[in-house]
>>> print(open('protein-v2.pdb').read())   # PDB, C-alpha atoms and all ligand atoms
ATOM      1  CA  MET Q 107      10.232 -22.951   1.169  1.00  0.00           C
ATOM      2  CA  LEU Q 108       6.450 -23.164   1.107  1.00  0.00           C
ATOM      3  CA  LYS Q 109       4.854 -26.593   1.213  1.00  0.00           C
ATOM      4  CA  PRO Q 110       3.062 -27.418  -2.073  1.00  0.00           C
ATOM      5  CA  ASN Q 111      -0.413 -27.447  -0.514  1.00  0.00           C
ATOM      6  CA  LEU Q 112       0.143 -24.020   1.073  1.00  0.00           C
ATOM      7  CA  LEU Q 113       1.615 -22.637  -2.148  1.00  0.00           C
ATOM      8  CA  ALA Q 114      -1.444 -23.842  -4.066  1.00  0.00           C
ATOM      9  CA  ALA Q 115      -3.798 -22.305  -1.484  1.00  0.00           C
ATOM     10  CA  LEU Q 116      -1.935 -18.978  -1.556  1.00  0.00           C
ATOM     11  CA  ASN Q 117      -2.038 -18.903  -5.365  1.00  0.00           C
ATOM     12  CA  GLN Q 118      -5.773 -19.591  -5.155  1.00  0.00           C
ATOM     13  CA  GLN Q 119      -6.210 -16.710  -2.710  1.00  0.00           C
ATOM     14  CA  ILE Q 120      -4.311 -14.364  -5.052  1.00  0.00           C
ATOM     15  CA  ASN Q 121      -6.927 -15.227  -7.667  1.00  0.00           C
ATOM     16  CA  GLU Q 122      -9.753 -14.637  -5.158  1.00  0.00           C
ATOM     17  CA  GLU Q 123      -8.381 -11.213  -4.258  1.00  0.00           C
ATOM     18  CA  TYR Q 124      -8.128 -10.274  -7.939  1.00  0.00           C
ATOM     19  CA  TYR Q 125     -11.715 -11.432  -8.386  1.00  0.00           C
ATOM     20  CA  SER Q 126     -12.696  -9.236  -5.416  1.00  0.00           C
ATOM     21  CA  SER Q 127     -11.099  -6.286  -7.174  1.00  0.00           C
ATOM     22  CA  TYR Q 128     -12.881  -7.256 -10.390  1.00  0.00           C
ATOM     23  CA  ILE Q 129     -16.359  -7.577  -8.847  1.00  0.00           C
ATOM     24  CA  TYR Q 130     -15.980  -4.219  -7.079  1.00  0.00           C
ATOM     25  CA  GLN Q 131     -14.814  -2.640 -10.328  1.00  0.00           C
ATOM     26  CA  ALA Q 132     -17.983  -4.060 -11.935  1.00  0.00           C
ATOM     27  CA  MET Q 133     -19.955  -2.344  -9.157  1.00  0.00           C
ATOM     28  CA  VAL Q 134     -18.152   0.924 -10.011  1.00  0.00           C
ATOM     29  CA  ALA Q 135     -19.509   0.594 -13.566  1.00  0.00           C
ATOM     30  CA  TYR Q 136     -22.991  -0.190 -12.217  1.00  0.00           C
ATOM     31  CA  PHE Q 137     -22.999   2.816  -9.860  1.00  0.00           C
ATOM     32  CA  GLU Q 138     -21.614   5.165 -12.514  1.00  0.00           C
ATOM     33  CA  ASP Q 139     -24.353   3.978 -14.863  1.00  0.00           C
ATOM     34  CA  ASN Q 140     -26.886   4.906 -12.183  1.00  0.00           C
ATOM     35  CA  HIS Q 141     -25.350   8.350 -11.523  1.00  0.00           C
ATOM     36  CA  LEU Q 142     -24.257   7.394  -8.010  1.00  0.00           C
ATOM     37  CA  ASP Q 143     -20.758   8.813  -8.190  1.00  0.00           C
ATOM     38  CA  GLY Q 144     -20.235   8.649  -4.406  1.00  0.00           C
ATOM     39  CA  CYS Q 145     -20.972   4.899  -4.346  1.00  0.00           C
ATOM     40  CA  ALA Q 146     -18.743   4.516  -7.414  1.00  0.00           C
ATOM     41  CA  HIS Q 147     -15.932   6.434  -5.701  1.00  0.00           C
ATOM     42  CA  TRP Q 148     -16.174   4.260  -2.583  1.00  0.00           C
ATOM     43  CA  MET Q 149     -16.073   1.078  -4.681  1.00  0.00           C
ATOM     44  CA  ARG Q 150     -13.155   2.354  -6.764  1.00  0.00           C
ATOM     45  CA  LEU Q 151     -11.098   2.629  -3.586  1.00  0.00           C
ATOM     46  CA  GLN Q 152     -12.335  -0.801  -2.493  1.00  0.00           C
ATOM     47  CA  ALA Q 153     -11.303  -2.352  -5.821  1.00  0.00           C
ATOM     48  CA  ALA Q 154      -7.853  -0.747  -5.475  1.00  0.00           C
ATOM     49  CA  GLU Q 155      -7.549  -2.133  -1.963  1.00  0.00           C
ATOM     50  CA  GLU Q 156      -8.356  -5.655  -3.182  1.00  0.00           C
ATOM     51  CA  HIS Q 157      -5.648  -5.290  -5.805  1.00  0.00           C
ATOM     52  CA  GLU Q 158      -3.247  -4.478  -2.961  1.00  0.00           C
ATOM     53  CA  HIS Q 159      -4.483  -7.557  -1.088  1.00  0.00           C
ATOM     54  CA  ALA Q 160      -3.618  -9.718  -4.099  1.00  0.00           C
ATOM     55  CA  LEU Q 161      -0.177  -8.131  -4.425  1.00  0.00           C
ATOM     56  CA  LYS Q 162       0.589  -8.593  -0.744  1.00  0.00           C
ATOM     57  CA  ILE Q 163       0.229 -12.378  -1.111  1.00  0.00           C
ATOM     58  CA  PHE Q 164       1.910 -12.273  -4.531  1.00  0.00           C
ATOM     59  CA  ASP Q 165       5.009 -10.644  -3.037  1.00  0.00           C
ATOM     60  CA  TYR Q 166       4.922 -12.918  -0.004  1.00  0.00           C
ATOM     61  CA  VAL Q 167       4.957 -16.072  -2.169  1.00  0.00           C
ATOM     62  CA  ILE Q 168       7.971 -14.697  -4.066  1.00  0.00           C
ATOM     63  CA  SER Q 169       9.756 -13.788  -0.829  1.00  0.00           C
ATOM     64  CA  ARG Q 170       9.361 -17.424   0.274  1.00  0.00           C
ATOM     65  CA  GLY Q 171      10.868 -18.714  -2.974  1.00  0.00           C
ATOM     66  CA  GLY Q 172       7.494 -19.887  -4.313  1.00  0.00           C
ATOM     67  CA  ARG Q 173       6.221 -19.612  -7.860  1.00  0.00           C
ATOM     68  CA  VAL Q 174       3.214 -17.371  -8.393  1.00  0.00           C
ATOM     69  CA  VAL Q 175       0.848 -18.838 -10.970  1.00  0.00           C
ATOM     70  CA  LEU Q 176      -1.946 -16.564 -12.136  1.00  0.00           C
ATOM     71  CA  ALA Q 177      -5.188 -18.192 -13.259  1.00  0.00           C
ATOM     72  CA  ALA Q 178      -8.132 -16.781 -15.205  1.00  0.00           C
ATOM     73  CA  VAL Q 179     -10.259 -14.384 -13.202  1.00  0.00           C
ATOM     74  CA  GLN Q 180     -13.973 -15.201 -13.230  1.00  0.00           C
ATOM     75  CA  ALA Q 181     -16.255 -12.669 -14.930  1.00  0.00           C
ATOM     76  CA  PRO Q 182     -18.208 -10.653 -12.344  1.00  0.00           C
ATOM     77  CA  PRO Q 183     -21.940  -9.856 -12.562  1.00  0.00           C
ATOM     78  CA  LYS Q 184     -22.876  -6.748 -14.537  1.00  0.00           C
ATOM     79  CA  ASP Q 185     -25.985  -5.553 -12.710  1.00  0.00           C
ATOM     80  CA  TRP Q 186     -27.656  -5.573  -9.337  1.00  0.00           C
ATOM     81  CA  PRO Q 187     -31.338  -4.873  -8.567  1.00  0.00           C
ATOM     82  CA  SER Q 188     -30.539  -1.810  -6.425  1.00  0.00           C
ATOM     83  CA  PRO Q 189     -27.611   0.004  -4.723  1.00  0.00           C
ATOM     84  CA  GLN Q 190     -28.569  -1.793  -1.507  1.00  0.00           C
ATOM     85  CA  ALA Q 191     -28.475  -5.155  -3.313  1.00  0.00           C
ATOM     86  CA  ALA Q 192     -25.006  -4.324  -4.670  1.00  0.00           C
ATOM     87  CA  PHE Q 193     -23.666  -3.562  -1.190  1.00  0.00           C
ATOM     88  CA  GLU Q 194     -25.394  -6.683   0.159  1.00  0.00           C
ATOM     89  CA  ALA Q 195     -23.598  -8.684  -2.544  1.00  0.00           C
ATOM     90  CA  ALA Q 196     -20.333  -7.022  -1.460  1.00  0.00           C
ATOM     91  CA  LEU Q 197     -21.016  -8.042   2.135  1.00  0.00           C
ATOM     92  CA  ALA Q 198     -21.785 -11.644   1.118  1.00  0.00           C
ATOM     93  CA  HIS Q 199     -18.570 -11.650  -0.896  1.00  0.00           C
ATOM     94  CA  GLU Q 200     -16.528 -10.387   2.059  1.00  0.00           C
ATOM     95  CA  LYS Q 201     -17.985 -13.152   4.234  1.00  0.00           C
ATOM     96  CA  LEU Q 202     -16.841 -15.660   1.636  1.00  0.00           C
ATOM     97  CA  MET Q 203     -13.369 -14.076   1.684  1.00  0.00           C
ATOM     98  CA  THR Q 204     -13.307 -14.324   5.474  1.00  0.00           C
ATOM     99  CA  ALA Q 205     -14.077 -18.060   5.198  1.00  0.00           C
ATOM    100  CA  ASN Q 206     -11.229 -18.475   2.668  1.00  0.00           C
ATOM    101  CA  ILE Q 207      -8.761 -16.628   4.884  1.00  0.00           C
ATOM    102  CA  THR Q 208      -9.823 -18.662   7.911  1.00  0.00           C
ATOM    103  CA  LYS Q 209      -9.190 -21.895   5.988  1.00  0.00           C
ATOM    104  CA  LEU Q 210      -5.780 -20.622   4.896  1.00  0.00           C
ATOM    105  CA  ALA Q 211      -4.861 -19.661   8.458  1.00  0.00           C
ATOM    106  CA  ASP Q 212      -5.997 -23.101   9.656  1.00  0.00           C
ATOM    107  CA  LEU Q 213      -3.841 -24.767   7.001  1.00  0.00           C
ATOM    108  CA  ALA Q 214      -0.807 -22.614   7.862  1.00  0.00           C
ATOM    109  CA  GLN Q 215      -1.230 -23.555  11.514  1.00  0.00           C
ATOM    110  CA  SER Q 216      -1.639 -27.269  10.825  1.00  0.00           C
ATOM    111  CA  GLU Q 217       1.483 -27.170   8.640  1.00  0.00           C
ATOM    112  CA  LYS Q 218       3.299 -25.224  11.392  1.00  0.00           C
ATOM    113  CA  ASP Q 219       4.204 -22.503   8.877  1.00  0.00           C
ATOM    114  CA  HIS Q 220       4.424 -19.574  11.275  1.00  0.00           C
ATOM    115  CA  ALA Q 221       5.322 -16.968   8.650  1.00  0.00           C
ATOM    116  CA  THR Q 222       2.284 -17.779   6.516  1.00  0.00           C
ATOM    117  CA  ASN Q 223       0.100 -17.910   9.602  1.00  0.00           C
ATOM    118  CA  ASN Q 224       1.441 -14.502  10.598  1.00  0.00           C
ATOM    119  CA  LEU Q 225       0.519 -13.085   7.184  1.00  0.00           C
ATOM    120  CA  MET Q 226      -2.918 -14.664   7.396  1.00  0.00           C
ATOM    121  CA  GLN Q 227      -3.512 -13.053  10.791  1.00  0.00           C
ATOM    122  CA  TRP Q 228      -3.100  -9.669   9.065  1.00  0.00           C
ATOM    123  CA  TYR Q 229      -5.885 -10.715   6.687  1.00  0.00           C
ATOM    124  CA  VAL Q 230      -8.030 -12.031   9.557  1.00  0.00           C
ATOM    125  CA  THR Q 231      -7.917  -8.561  11.168  1.00  0.00           C
ATOM    126  CA  GLU Q 232      -8.479  -6.877   7.823  1.00  0.00           C
ATOM    127  CA  GLN Q 233     -11.563  -9.012   7.145  1.00  0.00           C
ATOM    128  CA  VAL Q 234     -13.167  -7.880  10.407  1.00  0.00           C
ATOM    129  CA  GLU Q 235     -12.861  -4.282   9.210  1.00  0.00           C
ATOM    130  CA  GLU Q 236     -13.923  -5.079   5.675  1.00  0.00           C
ATOM    131  CA  GLU Q 237     -17.129  -6.760   6.825  1.00  0.00           C
ATOM    132  CA  ALA Q 238     -17.874  -4.009   9.362  1.00  0.00           C
ATOM    133  CA  ASN Q 239     -17.410  -1.231   6.793  1.00  0.00           C
ATOM    134  CA  VAL Q 240     -19.743  -2.811   4.243  1.00  0.00           C
ATOM    135  CA  ASP Q 241     -22.258  -3.898   6.892  1.00  0.00           C
ATOM    136  CA  ASP Q 242     -22.488  -0.287   8.068  1.00  0.00           C
ATOM    137  CA  ILE Q 243     -23.302   0.897   4.550  1.00  0.00           C
ATOM    138  CA  VAL Q 244     -25.887  -1.883   4.057  1.00  0.00           C
ATOM    139  CA  ASN Q 245     -27.619  -0.912   7.294  1.00  0.00           C
ATOM    140  CA  LYS Q 246     -27.737   2.762   6.343  1.00  0.00           C
ATOM    141  CA  LEU Q 247     -29.110   1.909   2.897  1.00  0.00           C
ATOM    142  CA  LYS Q 248     -31.803  -0.193   4.593  1.00  0.00           C
ATOM    143  CA  MET Q 249     -32.760   2.854   6.670  1.00  0.00           C
ATOM    144  CA  VAL Q 250     -32.934   4.966   3.526  1.00  0.00           C
ATOM    145  CA  GLY Q 251     -35.136   2.382   1.794  1.00  0.00           C
ATOM    146  CA  GLY Q 252     -36.570   3.701  -1.437  1.00  0.00           C
ATOM    147  CA  ASP Q 253     -36.194   7.352  -0.441  1.00  0.00           C
ATOM    148  CA  GLY Q 254     -34.419   9.228  -3.236  1.00  0.00           C
ATOM    149  CA  ALA Q 255     -33.358  12.140  -1.033  1.00  0.00           C
ATOM    150  CA  GLY Q 256     -31.868   9.718   1.498  1.00  0.00           C
ATOM    151  CA  LEU Q 257     -29.958   7.903  -1.225  1.00  0.00           C
ATOM    152  CA  PHE Q 258     -28.667  11.246  -2.536  1.00  0.00           C
ATOM    153  CA  LEU Q 259     -27.288  12.087   0.928  1.00  0.00           C
ATOM    154  CA  MET Q 260     -25.843   8.617   1.379  1.00  0.00           C
ATOM    155  CA  ASP Q 261     -24.119   8.859  -1.992  1.00  0.00           C
ATOM    156  CA  ARG Q 262     -22.633  12.194  -0.953  1.00  0.00           C
ATOM    157  CA  GLU Q 263     -21.348  10.657   2.292  1.00  0.00           C
ATOM    158  CA  LEU Q 264     -19.661   7.784   0.442  1.00  0.00           C
ATOM    159  CA  LYS Q 265     -17.907  10.282  -1.811  1.00  0.00           C
ATOM    160  CA  SER Q 266     -15.936  11.507   1.202  1.00  0.00           C
ATOM    161  CA  ARG Q 267     -13.985   8.255   1.558  1.00  0.00           C
ATOM    162  CA  THR Q 268     -10.354   9.281   1.215  1.00  0.00           C
ATOM    163  CA  VAL Q 269      -8.399   6.192   2.144  1.00  0.00           C
ATOM    164  CA  ALA Q 270      -8.791   2.590   1.071  1.00  0.00           C
ATOM    165  CA  ALA Q 271      -9.971   1.540   4.557  1.00  0.00           C
ATOM    166  CA  PRO Q 272      -8.651   1.680   8.095  1.00  0.00           C
ATOM    167  CA  GLY Q 273      -5.822  -0.825   8.293  1.00  0.00           C
ATOM    168  CA  GLY Q 274      -5.917  -1.285   4.519  1.00  0.00           C
ATOM    169  CA  ALA Q 275      -2.884  -2.444   2.584  1.00  0.00           C
ATOM    170  CA  ALA Q 276      -2.760   0.633   0.404  1.00  0.00           C
TER     171      ALA Q 276
HETATM  172 FE1  LIG M 301      -9.369  -8.740   0.275  1.00  0.00          FE
HETATM  173 FE2  LIG M 301     -12.098  -7.564   0.899  1.00  0.00          FE
HETATM  174  O1  LIG M 301     -11.018  -9.065   0.916  1.00  0.00           O
END
>>> encode(input="protein-v2.pdb", output="structure tokens", more="lines below")
Ligand code: FEO
Amino acid sequence: MLKPNLLAALNQQINEEYYSSYIYQAMVAYFEDNHLDGCAHWMRLQAAEEHEHALKIFDYVISRGGRVVLAAVQAPPKDWPSPQAAFEAALAHEKLMTANITKLADLAQSEKDHATNNLMQWYVTEQVEEEANVDDIVNKLKMVGGDGAGLFLMDRELKSRTVAAPGGAA
């Protein structure tokens, strides 16, 4: 049985993962509106991956006999100043998620809940990849700057993403 403080923290993280999916889906709408279908495609897969992240904790809580309680998901922003700004916001968001996961892993360790800690270690590894993937895109977009041809090529590259992400839950 999960301790109440861990159960509450896991339920909170389920909500955070759903919000991650929601904010990335909002970025899909933003990119589609700006005719960047490669960026939109990449974010669609990212949103789907975040949904899987939420479900992974959802199913874990149930497997431990805990009660999943879903809360309202915060409304995401609608617009960003540029494609680069959107990916920078995604990177900032992933850093926030890494901090959340680290806190959860710390709590699982202090409560000596090895199973929850084990699950959190999966997320710790996943967060390293998540941050690296988005950081790479941010850096390339910085190189492109305001060059339309460069952005066109970058958008085409992002369209080739075929899996959620290396090590992803999907
Ligand atoms: Fe599930 Fe990208 O954090």
>>> residues_around(input="protein-v2.pdb", residues="Trp186 of chain Q", least_positions_apart="2", cutoff="12 Å", atoms="only C-alpha atoms", output="PyMOL selection string")
chain Q and resi 129-130+132-137+139-140+182-184+188-196
>>> atom_distance(input="protein-v2.pdb", atom1="atom CA of Met260 of chain Q", atom2="atom CA of Glu155 of chain Q")
21.5 Å
>>> atom_distance(input="protein-v2.pdb", atom1="atom CA of Ala205 of chain Q", atom2="atom CA of Met249 of chain Q")
28.1 Å
>>> resolve_selection(input="protein-v2.pdb", expression="the PyMOL selection byres (((chain Q and resi 149) around 8) and not hetatm)", output="PyMOL selection string")
chain Q and resi 130-131+133-134+145-148+150-153
>>> atom_distance(input="protein-v2.pdb", atom1="atom CA of Lys109 of chain Q", atom2="atom CA of Ile168 of chain Q")
13.4 Å
>>> resolve_selection(input="protein-v2.pdb", expression="the PyMOL selection byres (((not hetatm)) within 7 of (chain M and resi 301))", output="list in words")
Glu123, Ser126, Glu156, His159, Glu200, Met203, Gln233 and Glu236 of chain Q
>>> closest_residue(input="protein-v2.pdb", among="Q:Ala198, Q:Val250, Q:Lys218, Q:Gln119", to="His157 of chain Q", atoms="only C-alpha atoms")
Q:Gln119
>>> residues_around(input="protein-v2.pdb", residues="Arg170 of chain Q", least_positions_apart="5", cutoff="12 Å", atoms="all atoms listed in the file", output="list of chain:residue names")
Q:Met107, Q:Leu108, Q:Lys109, Q:Leu112, Q:Leu113, Q:Leu116, Q:Ile163, Q:Phe164, Q:Asp165, Q:Asp219, Q:Ala221, Q:Thr222
>>> residues_near_point(input="protein-v2.pdb", point="(-2.2, -18.4, -12.8)", cutoff="12 Å", atoms="all atoms listed in the file", output="VMD selection string")
chain Q and resid 114 116 to 122 124 164 173 to 179
>>> axis_aligned_box(input="protein-v2.pdb", around="segment 225-236 of chain Q", padding_each_side="6 Å", output="JSON")
{"center_x": -6.7, "center_y": -9.5, "center_z": 8.4, "size_x": 26.4, "size_y": 22.4, "size_z": 17.5}
>>> resolve_selection(input="protein-v2.pdb", expression="the PyMOL selection byres (((chain Q and resi 230) around 12) and not hetatm)", output="list in words")
Glu200, Lys201, Met203, Thr204, Ala205, Asn206, Ile207, Thr208, Lys209, Leu210, Ala211, Asp212, Asn223, Asn224, Leu225, Met226, Gln227, Trp228, Tyr229, Thr231, Glu232, Gln233, Val234, Glu235, Glu236, Glu237 and Gly273 of chain Q
>>> decode(input="protein-v2.pdb", residues="segment 193-204 of chain Q", atoms="all heavy atoms", output="tab-separated table (two decimals), in the first residue's frame")
chain	number	residue	atom	x	y	z
Q	193	PHE	N	9.72	26.08	-28.60
Q	193	PHE	CA	10.60	24.98	-28.18
Q	193	PHE	C	11.37	25.35	-26.91
Q	193	PHE	O	11.65	24.49	-26.08
Q	193	PHE	CB	11.53	24.56	-29.31
Q	193	PHE	CG	10.89	23.58	-30.26
Q	193	PHE	CD1	10.35	23.98	-31.46
Q	193	PHE	CD2	10.81	22.22	-29.93
Q	193	PHE	CE1	9.73	23.07	-32.32
Q	193	PHE	CE2	10.20	21.30	-30.77
Q	193	PHE	CZ	9.66	21.73	-31.97
Q	194	GLU	N	11.69	26.64	-26.75
Q	194	GLU	CA	12.33	27.07	-25.50
Q	194	GLU	C	11.37	26.89	-24.32
Q	194	GLU	O	11.78	26.48	-23.23
Q	194	GLU	CB	12.79	28.53	-25.61
Q	194	GLU	CG	14.08	28.66	-26.40
Q	194	GLU	CD	14.47	30.11	-26.70
Q	194	GLU	OE1	13.62	31.00	-26.61
Q	194	GLU	OE2	15.64	30.33	-27.06
Q	195	ALA	N	10.09	27.17	-24.56
Q	195	ALA	CA	9.08	26.96	-23.50
Q	195	ALA	C	8.97	25.47	-23.19
Q	195	ALA	O	8.80	25.08	-22.03
Q	195	ALA	CB	7.74	27.52	-23.95
Q	196	ALA	N	9.07	24.63	-24.22
Q	196	ALA	CA	9.02	23.17	-24.01
Q	196	ALA	C	10.22	22.72	-23.17
Q	196	ALA	O	10.08	21.89	-22.27
Q	196	ALA	CB	8.99	22.45	-25.35
Q	197	LEU	N	11.37	23.31	-23.46
Q	197	LEU	CA	12.57	22.94	-22.70
Q	197	LEU	C	12.44	23.38	-21.23
Q	197	LEU	O	12.75	22.59	-20.31
Q	197	LEU	CB	13.82	23.58	-23.33
Q	197	LEU	CG	15.15	23.27	-22.64
Q	197	LEU	CD1	15.43	21.77	-22.60
Q	197	LEU	CD2	16.31	23.99	-23.34
Q	198	ALA	N	11.94	24.60	-21.02
Q	198	ALA	CA	11.74	25.08	-19.64
Q	198	ALA	C	10.75	24.18	-18.92
Q	198	ALA	O	10.92	23.86	-17.74
Q	198	ALA	CB	11.23	26.53	-19.67
Q	199	HIS	N	9.72	23.75	-19.65
Q	199	HIS	CA	8.72	22.86	-19.04
Q	199	HIS	C	9.34	21.51	-18.67
Q	199	HIS	O	9.07	20.98	-17.59
Q	199	HIS	CB	7.54	22.67	-20.00
Q	199	HIS	CG	6.48	21.81	-19.42
Q	199	HIS	ND1	5.68	22.23	-18.38
Q	199	HIS	CD2	6.11	20.53	-19.67
Q	199	HIS	CE1	4.87	21.26	-18.02
Q	199	HIS	NE2	5.10	20.21	-18.79
Q	200	GLU	N	10.17	20.98	-19.54
Q	200	GLU	CA	10.82	19.69	-19.23
Q	200	GLU	C	11.74	19.81	-18.01
Q	200	GLU	O	11.83	18.88	-17.21
Q	200	GLU	CB	11.60	19.18	-20.44
Q	200	GLU	CG	10.74	18.61	-21.55
Q	200	GLU	CD	9.78	17.51	-21.09
Q	200	GLU	OE1	10.11	16.74	-20.18
Q	200	GLU	OE2	8.67	17.46	-21.63
Q	201	LYS	N	12.38	20.96	-17.86
Q	201	LYS	CA	13.24	21.16	-16.69
Q	201	LYS	C	12.41	21.16	-15.41
Q	201	LYS	O	12.82	20.62	-14.38
Q	201	LYS	CB	14.06	22.44	-16.83
Q	201	LYS	CG	15.17	22.27	-17.86
Q	201	LYS	CD	16.01	23.52	-18.03
Q	201	LYS	CE	17.16	23.23	-19.00
Q	201	LYS	NZ	17.92	24.42	-19.36
Q	202	LEU	N	11.23	21.76	-15.51
Q	202	LEU	CA	10.30	21.76	-14.38
Q	202	LEU	C	9.87	20.32	-14.06
Q	202	LEU	O	9.81	19.92	-12.89
Q	202	LEU	CB	9.08	22.60	-14.77
Q	202	LEU	CG	8.20	23.13	-13.66
Q	202	LEU	CD1	8.98	24.07	-12.74
Q	202	LEU	CD2	6.98	23.85	-14.26
Q	203	MET	N	9.60	19.54	-15.11
Q	203	MET	CA	9.19	18.14	-14.91
Q	203	MET	C	10.33	17.34	-14.27
Q	203	MET	O	10.10	16.50	-13.40
Q	203	MET	CB	8.79	17.49	-16.25
Q	203	MET	CG	7.48	17.95	-16.82
Q	203	MET	SD	6.08	17.71	-15.70
Q	203	MET	CE	5.85	19.37	-15.14
Q	204	THR	N	11.55	17.63	-14.68
Q	204	THR	CA	12.70	16.94	-14.09
Q	204	THR	C	12.78	17.24	-12.59
Q	204	THR	O	13.02	16.34	-11.78
Q	204	THR	CB	14.01	17.39	-14.79
Q	204	THR	OG1	13.92	17.03	-16.17
Q	204	THR	CG2	15.24	16.74	-14.17
